[in-house]
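Participant: The following block contains the structure, expressed as C-alpha cells.
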Amino acid sequence: MTGPVTREQGHAWLRHMIRIRRFEERAAELYQLGKIRGFLHLYIGEEAVAVGSIPLFVPEDAIVATYREHGHALVRGTSMGALMAELYGKANGCARGRGGSMHFFDASRRFFGGLAIVGGGLPVAVGLALADQMERRARVTACYFGDGAVAEGEFHEALNLAALWKLPVLFLCENNLYAMGTALTRHQSQPDIAAKARSYNLPAETVDGMDVVAVEMATRRAIDFVRRGDGPYFLEYRTYRFRAHSMYDAELYRTKDEVAEWKRRDPIVTLEQTLRTAGLLSDGDVQTMESAIASEVEEAVAFAETGPWEPVEDLKKDVYTERS
Amino acid sequence: MTKITYREAVRAGLREALQRDSKVFLMGEDVGKYGGTYACSNGFLDEFGPERIRDTPLSESTFVGAGIGAALGGLRPIVEVMTVNFSLLALDQILNNAATLRHMSGGQFSIPLVVRMATGAGRQVAAQHSHSLEGWYAHIPGITVVTPATVTDARGMLLTALKNPDPVFIFEHAYLYSMEGELEDGPPAVDLSRAVVRRPGKDVSLITFGGNLWKTLAAATRLAQDGIDAEVVDLRVLRPLDIDTVLASVRTTHRAVVIDEAWRTGSFAAEVSARIMEGAFYDLDAPVARVCSEEVPIPYPKHLEDAALPSVEAVLQTARDLCPRSKK
C-alpha cells in the first residue's frame, strides 16, 4: 500500500469497505430468496474506490453514479436501511422503492443517482457543474462511470465540453476491465483511458483502484484542482469486480484464474494486512467492527421487511410536480 | 395588437425571459455568434454576454443533458436544439433522464428545463431535415409538449414554460418563422394546458396543431364557400392533451378530421382519433378522418414534397367527403 495511515483513518476505511461488502453479500442472498428482483449489480471487489473517494466530498458537492452505486450511496451517508428498502422496492426506500438497485437517489445528500444508461450521467454532471460555475459556487461534481462508458459518444462530448468551459467536474472512471462481458481491449482501439481523457485537454491520472490509500491521495489532489476553479480533472481507477456483472451472468468471458489473481489483491484484505503490520488493528478490532456491521445489516433487512409498499393510488404521483 | 413575425415573437419571449430572471440562460448550437439558426437570438450575445448565451459544440446529447444538470443545479436553462431532426441524438437524455428522474426518485428532484426546437417540412430540405416528431415526444409521460402556432403563443408559451417546474418541449414549425401575425394584447404569458377553437363552425371539426393550423384555416375558408361551416381546433398542447375541448367541438359538429404532418401510422392524429372514439363515439355521424403525411421519407423536389405533406386540397377533400351530400 502507498503512504502512511492513521489508526482512525484506517479503521474508517475498513469499516466502510466491510459495510459495503456485507450489505451486498446479504443482498445477494436476499436475491436468491426472491426478496429482491430485477437487476442487482454488485460492487464487491471495487470497494476501495468509493471508500477512498466519497468521504472527500463535502455535503454541498454533487455525486452522479451508475447502476453499480450501492457503495457510493452507503459511503455518502444514506442509511443502510433506506438502501436495503430500496432494493426491496419498499416505500421507505431512498427513492420510495421506485428505482430499486440501479436507481438510488438522495436529494438531501446531493446524490443524483443511480443512472443506469451507460454514459448517461456524464452530461448531467457537466450541467450540475455548469450551474455551480455560473452561480460562483466552489463546489465539485463527482461523476462516476465505468470503462464501458468510454465507448459512448457522451463520454467524448462531455469531456470536451467540460474542458472547453473549464467546469468544476471530476470524472471518475471505475475501470473494472469489462463492459459487462466485453473486455476493454476487445472494444477499444486505444485501451489507455487516461490517454483518451488527456486528448480533450484535461489532466488525467491512472490510479490503483484496489488500494484505498492510493485512491484517497489521487482523489484529494484532483478535488483540490477542481475546487480551485482550474477546470475538470479525470481519474481512472484500475479495479476489478469479483462477482458476476449482475445476477444472470455465467462469466464465460473471463477465466477463474484471472478472478483468483485479482482476489489476491482484495482491497479489504490488503488494508487489514497493512493496518495489522503497522500495529493499528487487532483481532478484537475486526470482531467489534464485523459484529456492529452484522447488526446494521440485520437492522437494514428488518427495516426493509417491515417497510410499507407504496399504495397503488400513488402510482402516478410525481410524474409531474403537483401544483396547487 | 401589433403585427410581428413569429421569429420576432420567439425572440421577444426569449429576451423577456433573459431580462426577467438572471437564472435563465440560453444554450445550443449557433445561438450566440451566429445569432440563432432562425435568427431568434440575434444580438443576444452582445446584450446578455457569453455566460448566458452559450454556443455549444454539436453534441446534442451532452448539451441537453447539461441542461438537465443545470436545472437540477438550480438554474433555468433554455436549450435550443436546432431542429427536431438532431434531437434524436439527445433522445436518451430526454427520455431516460429528463422525463424519468422526478418519478423514479420518488419526487425528490424537479427538472425545470425548457427545450426549443424547429420541426416540420415544407422547405425542400429533404428526408433528414423534414421530420415532424412532436407526436413521438408527446408519447412520453413526465414532459410537457407544446406546439405554438401563433405569434402570441410563440412568445407566451415560452414565458409560461419557464414557470413550469418540469421539462417543457416547445416545437416551432420552421415554416412559421417568417409568418406575420397579430400579437394579442394582454399578459405575455399564456395558458399552457388548453386547446382553443381558432374558428367556430358547426358542420365539421378540423383538429390540428403547429404549422398545419394555417393550412387548416385556409381549408376552412374554402369550405365556407362550399357551404360547409368548419370549426378549427388548435390543440396547442400535445401533452397533457386537452381532450375536453376536442370532444366539445366534435359533439357540436358530429364530424372530425385530424390534420397532422407526421406519418399516419402511430401519429398523434391516431391518438386524437382514438380519444374521440373513446369519448364521443355516439356523437359521431361519420368515422374520424385523418390527413397525414404519406409514409415516405420526405423528398427534395417541390412537387414530390408537396405530394407527401398534408395540403389544403387534401383537407378540403377529406372534409367534403365527410359531410352530407347536400353540403357538397
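Labels used: A, B, ... for chains in the order of the C-alpha cells, numbers from 1 for residues in each chain, and numbers from 1 for ligands as shown.
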Quick check: residues of chain A within 8 Å of chain B, only C-alpha atoms, returned as an MDAnalysis selection string.
Facilitator: chainID A and resid 94:99 103:107 117 120 122:132 134 154 157:158 161 317:321
Participant: I need the residues in segment 111-268 of chain B that are strand (DSSP E) according to DSSP; give them as a PyMOL selection string.
Facilitator: chain B and resi 114-119+144-146+168-173+180-183+196-199+204-208+230-234+237-239+256-263
Participant: Compare A:Pro55, A:Arg139, A:Asp266, A:Lys35 by their minimum atom-to-atom distance to Lys90 of chain A, counting only C-alpha atoms, and give me the closest one.
Facilitator: A:Lys35
Participant: Residues within 7 Å of segment 173-177 of chain A, please, as a PDB file with C-alpha atoms, in the first residue's frame. Count only C-alpha atoms; anything in the same chain fewer than 2 positions from it doesn't count.
Facilitator:
```
ATOM      1  CA  TYR A 144     -18.582   8.042 -11.540  1.00  0.00           C
ATOM      2  CA  PHE A 145     -18.848   5.765 -14.560  1.00  0.00           C
ATOM      3  CA  GLY A 146     -17.308   2.546 -15.819  1.00  0.00           C
ATOM      4  CA  ASP A 147     -14.944   1.627 -18.610  1.00  0.00           C
ATOM      5  CA  PHE A 171     -14.658  12.464 -13.947  1.00  0.00           C
ATOM      6  CA  ALA A 179     -18.095  -3.594 -20.234  1.00  0.00           C
ATOM      7  CA  ALA A 183     -13.024  -6.745 -22.268  1.00  0.00           C
ATOM      8  CA  LEU A 184     -11.715  -3.222 -22.739  1.00  0.00           C
ATOM      9  CA  LEU A 235      -9.087   9.801 -12.730  1.00  0.00           C
ATOM     10  CA  GLU A 236      -9.068   6.260 -13.990  1.00  0.00           C
ATOM     11  CA  TYR A 237      -9.237   3.803 -11.116  1.00  0.00           C
ATOM     12  CA  ARG A 238      -7.982   0.360 -12.144  1.00  0.00           C
ATOM     13  CA  THR A 239     -10.196  -2.035 -10.272  1.00  0.00           C
ATOM     14  CA  TYR A 240     -11.956  -5.371 -10.625  1.00  0.00           C
ATOM     15  CA  ARG A 241     -15.381  -6.777  -9.964  1.00  0.00           C
TER      16      ARG A 241
END
```
Participant: Using only C-alpha atoms, pick whichever of B:Ile94, B:Val81, B:Asp234, B:Glu261 has the shortest atom-to-atom distance to Glu305 of chain B.
Facilitator: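 Ranked by minimum distance to Glu305 of chain B, first place goes to B:Glu261.
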Participant: Report as a PDB file with C-alpha atoms, in the first residue's frame all protein, DNA and RNA residues lying within 10 Å of Ser199 of chain A, evaluated on only C-alpha atoms, omitting residues in the same chain fewer than 6 positions from it.
Facilitator:
```
ATOM      1  CA  HIS A 156     -16.290  12.266 -25.521  1.00  0.00           C
ATOM      2  CA  LEU A 159     -15.156  15.637 -21.550  1.00  0.00           C
ATOM      3  CA  ASN A 160     -14.806  18.076 -24.399  1.00  0.00           C
TER       4      ASN A 160
END
```
Participant: Using only C-alpha atoms, pick whichever of B:His139, B:His173, B:Arg275, B:Arg251 has the shortest atom-to-atom distance to Gly120 of chain B.
Facilitator: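 Selected residue with least distance to Gly120 of chain B: B:His173.
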Participant: For segment 208-219 of chain A, find every residue with an atom within 10 Å (counting only C-alpha atoms), except residues of its own chain fewer than 3 positions away, and show them as a VMD selection string.
Facilitator: chain A and resid 1 to 5 9 to 10 13 to 14 17 45 to 57 170 172 174 to 176 205 222 to 225 233 to 240 262 to 263 265 to 268 270 to 271
